[in-house]
Structures are given as structure tokens and as C-alpha cells.
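Okay, structure first, notes after.
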Amino acid sequence: MATDTSSTTSVAATSARDRRWVWRVIAVLAALLLFFGSLEAWAYRSFANTDNFTSTTREVLEREDVREVLATRIVDRLLEKRPILRITLGDTLIPTVTGLLKSDVFLGMMEDIAAQLHQAVTKGQDVAITIESREVQLVVLGIVRVLAREDADALELEGGTLRIVIFPEGELPSYEREIRTLRIAGTLAGLLGLLLLVLPLAVRRDLWSLRLAGFILLAVAFLSILVLALGPRFLESQVSSPQVKTLLPVWSRKRRSCC
């Protein structure tokens with residue numbers, strides 16, 4: 001009888017160990033699904049959320065090199081019909097306008113540009129990204145009047161407001177479909193991952209299952225940190241649009257600083 005009992009116990013233990021591989025497979029699936037769900041939640045919050053996208057874009061627009069590009073576009077637009085004047089005064093006007101874009105007067109303008117970018121990139125709206133500024137025009141015209149008075153009157157724009165098209169309609173890529181697909185897939189993956197996470201605990205109700213759940217959570221945390229560290233560099237190498245590529249360095253720094 002003792003031998004039979006020992007044999008039965010041994011068979012039961014072996015059977016339990018054999019079944020553990022099933023739970024390990026479930027654990028791997030749960031970790032991957034939860035990781036994808038958490039990645040979707042982070043990506044959606046970073047890019048599709050208006051406030052976060054606007055904040056990141058504003059930081060980009062406040063960089064010195066980006067302000068210089070904007071100033072160049074402004075001067076080119078204002079002097080596009082006066083190429084000689086552009087060649088003569090460009091080196092003076094561009095630094096002046098670049099400095100002007102640092103002032104508090106243009107914070108609202110940066111907000112407007114960021115909102116337009118958000119509509120185009122994440123909402124799929126076919127809009128032209130523009131700047132309208134009476135103040136910039138007055139500064140440029142003031143310099144021209146001092147240095148080339150005879151050309152100043154010819155630079156007055158209709159309505160008295162300078163309007164610069166930074167990106168024409170259709171030039172910026174739209175990721176609306178990708179964001180929507182990621183949102184749906186990530187939500188479903190997260191829910192299924194949670195179900196698989198609690199399944200071993202609900203069925204086995206032992207210490208091994210609790211340790212397995214802890215391992216799953218640690219794996220998800222490790223994968224998330226790894227992607228936050230390396231993901232921006234990979235994306236930057238894959239993105240072909242120079243407009244979107246401009247946003248990635250700042251996005252990368254902000255993501256690393258919050259981890």
C-alpha cells in the first residue's frame with residue numbers, strides 16, 4: 001500500500017510538472033500582449049493626445065535651428081519678388097527675425113503651428129501649416145526702410161499681415177489610419193494579456209502561479225524600458241519624411257527624461 005501511494009504521488013507530481021510548460025507558454029503570450037498594450041497606451045498618449053503632441057512640437061519649434069529655418073522662410077516669403085533685396089539684406093534680416101521668434105509675443109503663434117501640425121499628422125486633415133504675423137512684417141519693413149528706403153513701399157502686403165505657408169496642403173504625411181489601428185489592436189491585446197495573466201492564478205492558486213505572474217510583469221517592464229531607450233533611434237532611421245524626422249530628437253529626449 002505504501003508503494004502504491006508513493007507511486008501515485010510520483011505520477012501526480014510528474015503530471016503537474018508536465019503541465020507547467022502550458023502555463024509557461026501562456027506566460028510568454030501574456031507578457032507579449034501586455035507589452036504591446038502598454039506600448040500602444042504610451043504611443044497614443046505621446047502622439048495622438050493633443051496636449052502632449054502640442055507640448056513636444058512647441059519644444060521643437062523653440063529650438064534655435066528650427067527658429068532659424070522659420071525665419072528664413074519668413075524672409076524668403078516677404079522678399080520673394082525682390083531677389084536682389086533678399087541677397088543684399090538676407091544676412092541682416094534672418095538673425096533679426098530669429099531673435100524676434102524667441103519673444104513672448106510669438107508663444108501664441110507657436111501654439112497655433114503645433115495645433116495645425118497635430119491636425120495634419122494625427123487627424124489626417126489636409127491643411128496648410130501657416131504663420132500670420134503683423135509684428136514680423138513690421139520689423140522686417142522697418143529694417144528695409146532704414147537700409148533700402150526706396151524698396152520698402154513695394155513690400156506692403158494686402159491686408160497688412162504677413163502670411164507664410166510653412167508646409168503646403170498635402171506635404172505632411174498623415175498617420176491617422178495607423179494610430180486608429182494601433183489603438184484598437186493595443187486595447188484588445190492589453191485585455192487579452194490581463195486575462196492570461198490571471199488565468200494561472202485562478203486555476204492553480206499556488207505560489208508557483210504567483211511567481212509566474214510576477215515574472216510576467218517584470219518581463220513587460222523590461223521590454224518597455226528597452227523600447228523607450230532604443231525605439232526613438234530605430235524610428236529615426238526608418239522615417240523618410242524630413243518634417244516628421246525633425247520631431248524625433250526632442251521626442252527621444254523627453255521620453256528618456258521621464259523614465
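We name chains A, B, ... following the order of the C-alpha cells; residues begin at 1 in each chain, and ligands are numbered from 1 as shown.
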Residues near Glu40 (chain A), cut-off 10 Å, only C-alpha atoms, skip fewer than 3 positions along chain, as a list in words: Leu34, Phe35, Phe36, Gly37, Ala43, Tyr44, Arg45, Ser46, Ile179, Leu182, Arg183, Ile184, Ala185, Gly186, Thr187, Ala189 and Gly190 of chain A
Saved selection, atoms kept: N, CA and C atoms, as a tab-separated table (two decimals), in the first residue's frame:
```tsv
chain	number	residue	atom	x	y	z
A	34	LEU	N	0.63	42.09	-23.07
A	34	LEU	CA	0.65	43.23	-22.15
A	34	LEU	C	1.67	44.27	-22.58
A	35	PHE	N	2.80	43.81	-23.08
A	35	PHE	CA	3.80	44.76	-23.58
A	35	PHE	C	3.26	45.57	-24.75
A	36	PHE	N	2.61	44.90	-25.69
A	36	PHE	CA	2.04	45.60	-26.83
A	36	PHE	C	0.95	46.57	-26.39
A	37	GLY	N	0.13	46.15	-25.43
A	37	GLY	CA	-0.91	47.03	-24.92
A	37	GLY	C	-0.35	48.26	-24.23
A	43	ALA	N	2.26	55.22	-26.70
A	43	ALA	CA	2.36	55.88	-28.01
A	43	ALA	C	1.16	56.76	-28.27
A	44	TYR	N	-0.02	56.28	-27.92
A	44	TYR	CA	-1.23	57.08	-28.15
A	44	TYR	C	-1.20	58.35	-27.30
A	45	ARG	N	-0.78	58.20	-26.06
A	45	ARG	CA	-0.71	59.36	-25.18
A	45	ARG	C	0.33	60.36	-25.66
A	46	SER	N	1.42	59.87	-26.23
A	46	SER	CA	2.51	60.76	-26.66
A	46	SER	C	2.19	61.51	-27.94
A	179	ILE	N	-2.63	55.19	-36.40
A	179	ILE	CA	-2.94	55.46	-35.00
A	179	ILE	C	-4.23	54.77	-34.59
A	182	LEU	N	-3.59	50.99	-34.37
A	182	LEU	CA	-2.80	50.70	-33.17
A	182	LEU	C	-3.65	50.80	-31.92
A	183	ARG	N	-4.56	51.76	-31.89
A	183	ARG	CA	-5.42	51.94	-30.72
A	183	ARG	C	-6.31	50.72	-30.49
A	184	ILE	N	-6.94	50.24	-31.55
A	184	ILE	CA	-7.83	49.09	-31.42
A	184	ILE	C	-7.05	47.83	-31.06
A	185	ALA	N	-5.96	47.58	-31.80
A	185	ALA	CA	-5.17	46.37	-31.57
A	185	ALA	C	-4.54	46.38	-30.18
A	186	GLY	N	-4.05	47.54	-29.75
A	186	GLY	CA	-3.42	47.62	-28.44
A	186	GLY	C	-4.39	47.40	-27.30
A	187	THR	N	-5.60	47.94	-27.44
A	187	THR	CA	-6.62	47.73	-26.41
A	187	THR	C	-6.99	46.26	-26.28
A	189	ALA	N	-5.19	43.68	-27.22
A	189	ALA	CA	-4.03	42.94	-26.72
A	189	ALA	C	-3.88	43.10	-25.21
A	190	GLY	N	-4.10	44.31	-24.71
A	190	GLY	CA	-3.99	44.54	-23.27
A	190	GLY	C	-5.02	43.75	-22.48
```
Residues near Ile113 (chain A), cut-off 9 Å, only C-alpha atoms, skip fewer than 6 positions along chain, as a PyMOL selection string: chain A and resi 54+57-58+61+129-131
All helix (DSSP H, G or I) positions in region 110-141 of chain A, as a PyMOL selection string: chain A and resi 110-122+134-141
Can I get the selected residues back with N, CA and C atoms, as a PDB file, in the first residue's frame?
```
ATOM      1  N   MET A 110       3.373  79.910 -31.894  1.00  0.00           N
ATOM      2  CA  MET A 110       3.916  78.564 -31.826  1.00  0.00           C
ATOM      3  C   MET A 110       2.838  77.554 -31.453  1.00  0.00           C
ATOM      4  N   GLU A 111       1.945  77.957 -30.538  1.00  0.00           N
ATOM      5  CA  GLU A 111       0.826  77.083 -30.174  1.00  0.00           C
ATOM      6  C   GLU A 111      -0.040  76.794 -31.388  1.00  0.00           C
ATOM      7  N   ASP A 112      -0.276  77.819 -32.188  1.00  0.00           N
ATOM      8  CA  ASP A 112      -1.122  77.655 -33.372  1.00  0.00           C
ATOM      9  C   ASP A 112      -0.469  76.723 -34.389  1.00  0.00           C
ATOM     10  N   ILE A 113       0.842  76.873 -34.587  1.00  0.00           N
ATOM     11  CA  ILE A 113       1.557  75.992 -35.516  1.00  0.00           C
ATOM     12  C   ILE A 113       1.486  74.545 -35.028  1.00  0.00           C
ATOM     13  N   ALA A 114       1.692  74.339 -33.724  1.00  0.00           N
ATOM     14  CA  ALA A 114       1.644  72.989 -33.166  1.00  0.00           C
ATOM     15  C   ALA A 114       0.265  72.369 -33.344  1.00  0.00           C
ATOM     16  N   ALA A 115      -0.788  73.168 -33.139  1.00  0.00           N
ATOM     17  CA  ALA A 115      -2.149  72.656 -33.317  1.00  0.00           C
ATOM     18  C   ALA A 115      -2.411  72.277 -34.770  1.00  0.00           C
ATOM     19  N   GLN A 116      -1.911  73.077 -35.696  1.00  0.00           N
ATOM     20  CA  GLN A 116      -2.077  72.756 -37.118  1.00  0.00           C
ATOM     21  C   GLN A 116      -1.339  71.466 -37.481  1.00  0.00           C
ATOM     22  N   LEU A 117      -0.130  71.298 -36.942  1.00  0.00           N
ATOM     23  CA  LEU A 117       0.629  70.075 -37.194  1.00  0.00           C
ATOM     24  C   LEU A 117      -0.104  68.852 -36.653  1.00  0.00           C
ATOM     25  N   HIS A 118      -0.703  69.001 -35.478  1.00  0.00           N
ATOM     26  CA  HIS A 118      -1.447  67.889 -34.889  1.00  0.00           C
ATOM     27  C   HIS A 118      -2.621  67.486 -35.774  1.00  0.00           C
ATOM     28  N   GLN A 119      -3.336  68.458 -36.304  1.00  0.00           N
ATOM     29  CA  GLN A 119      -4.467  68.166 -37.186  1.00  0.00           C
ATOM     30  C   GLN A 119      -4.015  67.437 -38.440  1.00  0.00           C
ATOM     31  N   ALA A 120      -2.875  67.851 -38.984  1.00  0.00           N
ATOM     32  CA  ALA A 120      -2.414  67.259 -40.240  1.00  0.00           C
ATOM     33  C   ALA A 120      -1.833  65.861 -40.042  1.00  0.00           C
ATOM     34  N   VAL A 121      -1.004  65.682 -39.009  1.00  0.00           N
ATOM     35  CA  VAL A 121      -0.268  64.428 -38.850  1.00  0.00           C
ATOM     36  C   VAL A 121      -1.113  63.335 -38.200  1.00  0.00           C
ATOM     37  N   THR A 122      -1.887  63.677 -37.173  1.00  0.00           N
ATOM     38  CA  THR A 122      -2.622  62.646 -36.432  1.00  0.00           C
ATOM     39  C   THR A 122      -4.100  62.579 -36.778  1.00  0.00           C
ATOM     40  N   ARG A 134       1.616  90.142 -38.053  1.00  0.00           N
ATOM     41  CA  ARG A 134       1.783  91.567 -38.361  1.00  0.00           C
ATOM     42  C   ARG A 134       3.090  92.086 -37.770  1.00  0.00           C
ATOM     43  N   GLU A 135       3.466  91.562 -36.577  1.00  0.00           N
ATOM     44  CA  GLU A 135       4.662  92.048 -35.892  1.00  0.00           C
ATOM     45  C   GLU A 135       5.928  91.757 -36.686  1.00  0.00           C
ATOM     46  N   VAL A 136       6.035  90.540 -37.237  1.00  0.00           N
ATOM     47  CA  VAL A 136       7.217  90.193 -38.025  1.00  0.00           C
ATOM     48  C   VAL A 136       7.330  91.096 -39.238  1.00  0.00           C
ATOM     49  N   GLN A 137       6.219  91.327 -39.896  1.00  0.00           N
ATOM     50  CA  GLN A 137       6.260  92.177 -41.084  1.00  0.00           C
ATOM     51  C   GLN A 137       6.731  93.590 -40.738  1.00  0.00           C
ATOM     52  N   LEU A 138       6.240  94.125 -39.617  1.00  0.00           N
ATOM     53  CA  LEU A 138       6.636  95.480 -39.230  1.00  0.00           C
ATOM     54  C   LEU A 138       8.136  95.562 -38.955  1.00  0.00           C
ATOM     55  N   VAL A 139       8.692  94.524 -38.313  1.00  0.00           N
ATOM     56  CA  VAL A 139      10.130  94.521 -38.029  1.00  0.00           C
ATOM     57  C   VAL A 139      10.925  94.469 -39.323  1.00  0.00           C
ATOM     58  N   VAL A 140      10.535  93.563 -40.229  1.00  0.00           N
ATOM     59  CA  VAL A 140      11.255  93.430 -41.494  1.00  0.00           C
ATOM     60  C   VAL A 140      11.162  94.714 -42.301  1.00  0.00           C
ATOM     61  N   LEU A 141       9.967  95.269 -42.389  1.00  0.00           N
ATOM     62  CA  LEU A 141       9.800  96.509 -43.153  1.00  0.00           C
ATOM     63  C   LEU A 141      10.576  97.658 -42.529  1.00  0.00           C
TER      64      LEU A 141
END
```
Can you list every residue of region 22-53 of chain A that has an atom at most 12 Å from region 209-212 of chain A, with its nearest atom pair and the distance in Å to one decimal, using only C-alpha atoms, ordered by chain then number, as JSON lines?
```
{"residue": "A:Trp23", "atom": "CA", "partner": "A:Leu212", "partner_atom": "CA", "distance": 8.5}
{"residue": "A:Arg24", "atom": "CA", "partner": "A:Leu212", "partner_atom": "CA", "distance": 7.9}
{"residue": "A:Val25", "atom": "CA", "partner": "A:Leu212", "partner_atom": "CA", "distance": 11.0}
{"residue": "A:Ile26", "atom": "CA", "partner": "A:Leu212", "partner_atom": "CA", "distance": 10.0}
{"residue": "A:Ala27", "atom": "CA", "partner": "A:Leu212", "partner_atom": "CA", "distance": 7.1}
{"residue": "A:Val28", "atom": "CA", "partner": "A:Leu212", "partner_atom": "CA", "distance": 10.0}
{"residue": "A:Ala30", "atom": "CA", "partner": "A:Leu212", "partner_atom": "CA", "distance": 10.7}
{"residue": "A:Ala31", "atom": "CA", "partner": "A:Leu212", "partner_atom": "CA", "distance": 10.6}
```
Emit the selected residues as a CSV table (one decimal), in the first residue's frame, including N, CA and C atoms.
```csv
chain,number,residue,atom,x,y,z
A,23,TRP,N,1.5,26.5,-19.0
A,23,TRP,CA,1.4,27.8,-18.3
A,23,TRP,C,2.6,28.7,-18.6
A,24,ARG,N,3.7,28.1,-18.9
A,24,ARG,CA,4.9,28.9,-19.3
A,24,ARG,C,4.6,29.6,-20.7
A,25,VAL,N,4.0,28.8,-21.6
A,25,VAL,CA,3.6,29.3,-22.9
A,25,VAL,C,2.6,30.5,-22.7
A,26,ILE,N,1.6,30.2,-21.9
A,26,ILE,CA,0.6,31.3,-21.6
A,26,ILE,C,1.3,32.5,-21.0
A,27,ALA,N,2.3,32.3,-20.2
A,27,ALA,CA,3.0,33.4,-19.6
A,27,ALA,C,3.7,34.3,-20.6
A,28,VAL,N,4.4,33.6,-21.6
A,28,VAL,CA,5.0,34.3,-22.7
A,28,VAL,C,4.0,35.1,-23.5
A,30,ALA,N,1.1,36.2,-22.5
A,30,ALA,CA,0.6,37.3,-21.7
A,30,ALA,C,1.6,38.5,-21.6
A,31,ALA,N,2.9,38.1,-21.5
A,31,ALA,CA,3.9,39.2,-21.4
A,31,ALA,C,3.9,40.0,-22.7
```
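The residue set within 12 Å of Arg77 (chain A), counting only C-alpha atoms and dropping same-chain residues fewer than 3 places from it, reads A:Leu70, A:Ala71, A:Thr72, A:Arg73, A:Ile74, A:Glu80, A:Lys81, A:Arg82, A:Pro83, A:Arg86, A:Gly90, A:Ile94, A:Thr130, A:Ile131, A:Glu132, A:Val136, A:Gln137, A:Val140, A:Leu155, A:Leu157, A:Leu162, A:Arg163, A:Ile164, A:Val165, A:Ile166.
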Go ahead and dump the residues you just picked, N, CA and C atoms, as a PDB file, in the first residue's frame.
```pdb
ATOM      1  N   LEU A  70      12.480  78.816 -39.709  1.00  0.00           N
ATOM      2  CA  LEU A  70      11.243  79.587 -39.832  1.00  0.00           C
ATOM      3  C   LEU A  70      11.532  81.022 -40.259  1.00  0.00           C
ATOM      4  N   ALA A  71      12.561  81.609 -39.665  1.00  0.00           N
ATOM      5  CA  ALA A  71      12.918  82.982 -40.026  1.00  0.00           C
ATOM      6  C   ALA A  71      13.329  83.071 -41.489  1.00  0.00           C
ATOM      7  N   THR A  72      14.057  82.080 -41.968  1.00  0.00           N
ATOM      8  CA  THR A  72      14.454  82.068 -43.380  1.00  0.00           C
ATOM      9  C   THR A  72      13.241  81.987 -44.288  1.00  0.00           C
ATOM     10  N   ARG A  73      12.270  81.130 -43.928  1.00  0.00           N
ATOM     11  CA  ARG A  73      11.055  81.018 -44.733  1.00  0.00           C
ATOM     12  C   ARG A  73      10.272  82.330 -44.738  1.00  0.00           C
ATOM     13  N   ILE A  74      10.244  82.995 -43.592  1.00  0.00           N
ATOM     14  CA  ILE A  74       9.527  84.267 -43.500  1.00  0.00           C
ATOM     15  C   ILE A  74      10.171  85.319 -44.396  1.00  0.00           C
ATOM     16  N   GLU A  80      10.209  87.483 -51.795  1.00  0.00           N
ATOM     17  CA  GLU A  80      10.259  86.579 -52.941  1.00  0.00           C
ATOM     18  C   GLU A  80      10.197  87.311 -54.280  1.00  0.00           C
ATOM     19  N   LYS A  81       9.601  88.488 -54.303  1.00  0.00           N
ATOM     20  CA  LYS A  81       9.529  89.259 -55.545  1.00  0.00           C
ATOM     21  C   LYS A  81      10.657  90.277 -55.653  1.00  0.00           C
ATOM     22  N   ARG A  82      11.529  90.292 -54.669  1.00  0.00           N
ATOM     23  CA  ARG A  82      12.664  91.221 -54.659  1.00  0.00           C
ATOM     24  C   ARG A  82      13.943  90.429 -54.405  1.00  0.00           C
ATOM     25  N   PRO A  83      14.387  89.601 -55.337  1.00  0.00           N
ATOM     26  CA  PRO A  83      15.549  88.727 -55.099  1.00  0.00           C
ATOM     27  C   PRO A  83      16.830  89.488 -54.788  1.00  0.00           C
ATOM     28  N   ARG A  86      16.702  90.454 -51.278  1.00  0.00           N
ATOM     29  CA  ARG A  86      16.895  89.254 -50.439  1.00  0.00           C
ATOM     30  C   ARG A  86      18.383  88.934 -50.301  1.00  0.00           C
ATOM     31  N   GLY A  90      19.426  89.737 -46.654  1.00  0.00           N
ATOM     32  CA  GLY A  90      19.072  88.467 -46.020  1.00  0.00           C
ATOM     33  C   GLY A  90      19.866  88.168 -44.770  1.00  0.00           C
ATOM     34  N   ILE A  94      17.454  87.745 -41.382  1.00  0.00           N
ATOM     35  CA  ILE A  94      17.198  86.413 -40.819  1.00  0.00           C
ATOM     36  C   ILE A  94      17.565  86.333 -39.331  1.00  0.00           C
ATOM     37  N   THR A 130       0.527  77.349 -41.585  1.00  0.00           N
ATOM     38  CA  THR A 130       0.820  78.749 -41.901  1.00  0.00           C
ATOM     39  C   THR A 130       1.176  79.546 -40.647  1.00  0.00           C
ATOM     40  N   ILE A 131       1.847  80.668 -40.894  1.00  0.00           N
ATOM     41  CA  ILE A 131       2.133  81.676 -39.873  1.00  0.00           C
ATOM     42  C   ILE A 131       1.536  82.989 -40.349  1.00  0.00           C
ATOM     43  N   GLU A 132       0.832  83.660 -39.472  1.00  0.00           N
ATOM     44  CA  GLU A 132       0.343  85.001 -39.776  1.00  0.00           C
ATOM     45  C   GLU A 132       0.827  85.941 -38.676  1.00  0.00           C
ATOM     46  N   VAL A 136       6.035  90.540 -37.237  1.00  0.00           N
ATOM     47  CA  VAL A 136       7.217  90.193 -38.025  1.00  0.00           C
ATOM     48  C   VAL A 136       7.330  91.096 -39.238  1.00  0.00           C
ATOM     49  N   GLN A 137       6.219  91.327 -39.896  1.00  0.00           N
ATOM     50  CA  GLN A 137       6.260  92.177 -41.084  1.00  0.00           C
ATOM     51  C   GLN A 137       6.731  93.590 -40.738  1.00  0.00           C
ATOM     52  N   VAL A 140      10.535  93.563 -40.229  1.00  0.00           N
ATOM     53  CA  VAL A 140      11.255  93.430 -41.494  1.00  0.00           C
ATOM     54  C   VAL A 140      11.162  94.714 -42.301  1.00  0.00           C
ATOM     55  N   LEU A 155       6.934  96.431 -50.488  1.00  0.00           N
ATOM     56  CA  LEU A 155       6.822  95.196 -49.724  1.00  0.00           C
ATOM     57  C   LEU A 155       5.552  95.106 -48.895  1.00  0.00           C
ATOM     58  N   LEU A 157       2.075  94.166 -47.821  1.00  0.00           N
ATOM     59  CA  LEU A 157       1.198  93.092 -48.265  1.00  0.00           C
ATOM     60  C   LEU A 157      -0.259  93.500 -48.135  1.00  0.00           C
ATOM     61  N   LEU A 162       1.458  89.571 -42.678  1.00  0.00           N
ATOM     62  CA  LEU A 162       2.318  88.604 -43.347  1.00  0.00           C
ATOM     63  C   LEU A 162       1.781  87.191 -43.110  1.00  0.00           C
ATOM     64  N   ARG A 163       1.599  86.442 -44.179  1.00  0.00           N
ATOM     65  CA  ARG A 163       1.115  85.059 -44.074  1.00  0.00           C
ATOM     66  C   ARG A 163       2.106  84.144 -44.785  1.00  0.00           C
ATOM     67  N   ILE A 164       2.748  83.275 -44.011  1.00  0.00           N
ATOM     68  CA  ILE A 164       3.761  82.372 -44.544  1.00  0.00           C
ATOM     69  C   ILE A 164       3.220  80.947 -44.535  1.00  0.00           C
ATOM     70  N   VAL A 165       3.287  80.273 -45.658  1.00  0.00           N
ATOM     71  CA  VAL A 165       2.918  78.862 -45.734  1.00  0.00           C
ATOM     72  C   VAL A 165       4.180  78.039 -45.470  1.00  0.00           C
ATOM     73  N   ILE A 166       4.253  77.417 -44.291  1.00  0.00           N
ATOM     74  CA  ILE A 166       5.422  76.608 -43.947  1.00  0.00           C
ATOM     75  C   ILE A 166       5.394  75.286 -44.701  1.00  0.00           C
TER      76      ILE A 166
END
```
Which of region 102-208 of chain A fall in strand (DSSP E), as a PyMOL selection string: chain A and resi 129-133+162-167
Limited to C-alpha atoms, could you put the picked residues into a file as an mmCIF file, in the first residue's frame?
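Output saved as out.cif:
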```
data_model
loop_
_atom_site.group_PDB
_atom_site.id
_atom_site.type_symbol
_atom_site.label_atom_id
_atom_site.label_comp_id
_atom_site.auth_asym_id
_atom_site.auth_seq_id
_atom_site.Cartn_x
_atom_site.Cartn_y
_atom_site.Cartn_z
ATOM 1 C CA ILE A 129 0.615 74.965 -41.981
ATOM 2 C CA THR A 130 0.820 78.749 -41.901
ATOM 3 C CA ILE A 131 2.133 81.676 -39.873
ATOM 4 C CA GLU A 132 0.343 85.001 -39.776
ATOM 5 C CA SER A 133 2.174 87.830 -38.061
ATOM 6 C CA LEU A 162 2.318 88.604 -43.347
ATOM 7 C CA ARG A 163 1.115 85.059 -44.074
ATOM 8 C CA ILE A 164 3.761 82.372 -44.544
ATOM 9 C CA VAL A 165 2.918 78.862 -45.734
ATOM 10 C CA ILE A 166 5.422 76.608 -43.947
ATOM 11 C CA PHE A 167 4.054 73.344 -45.351
#
```
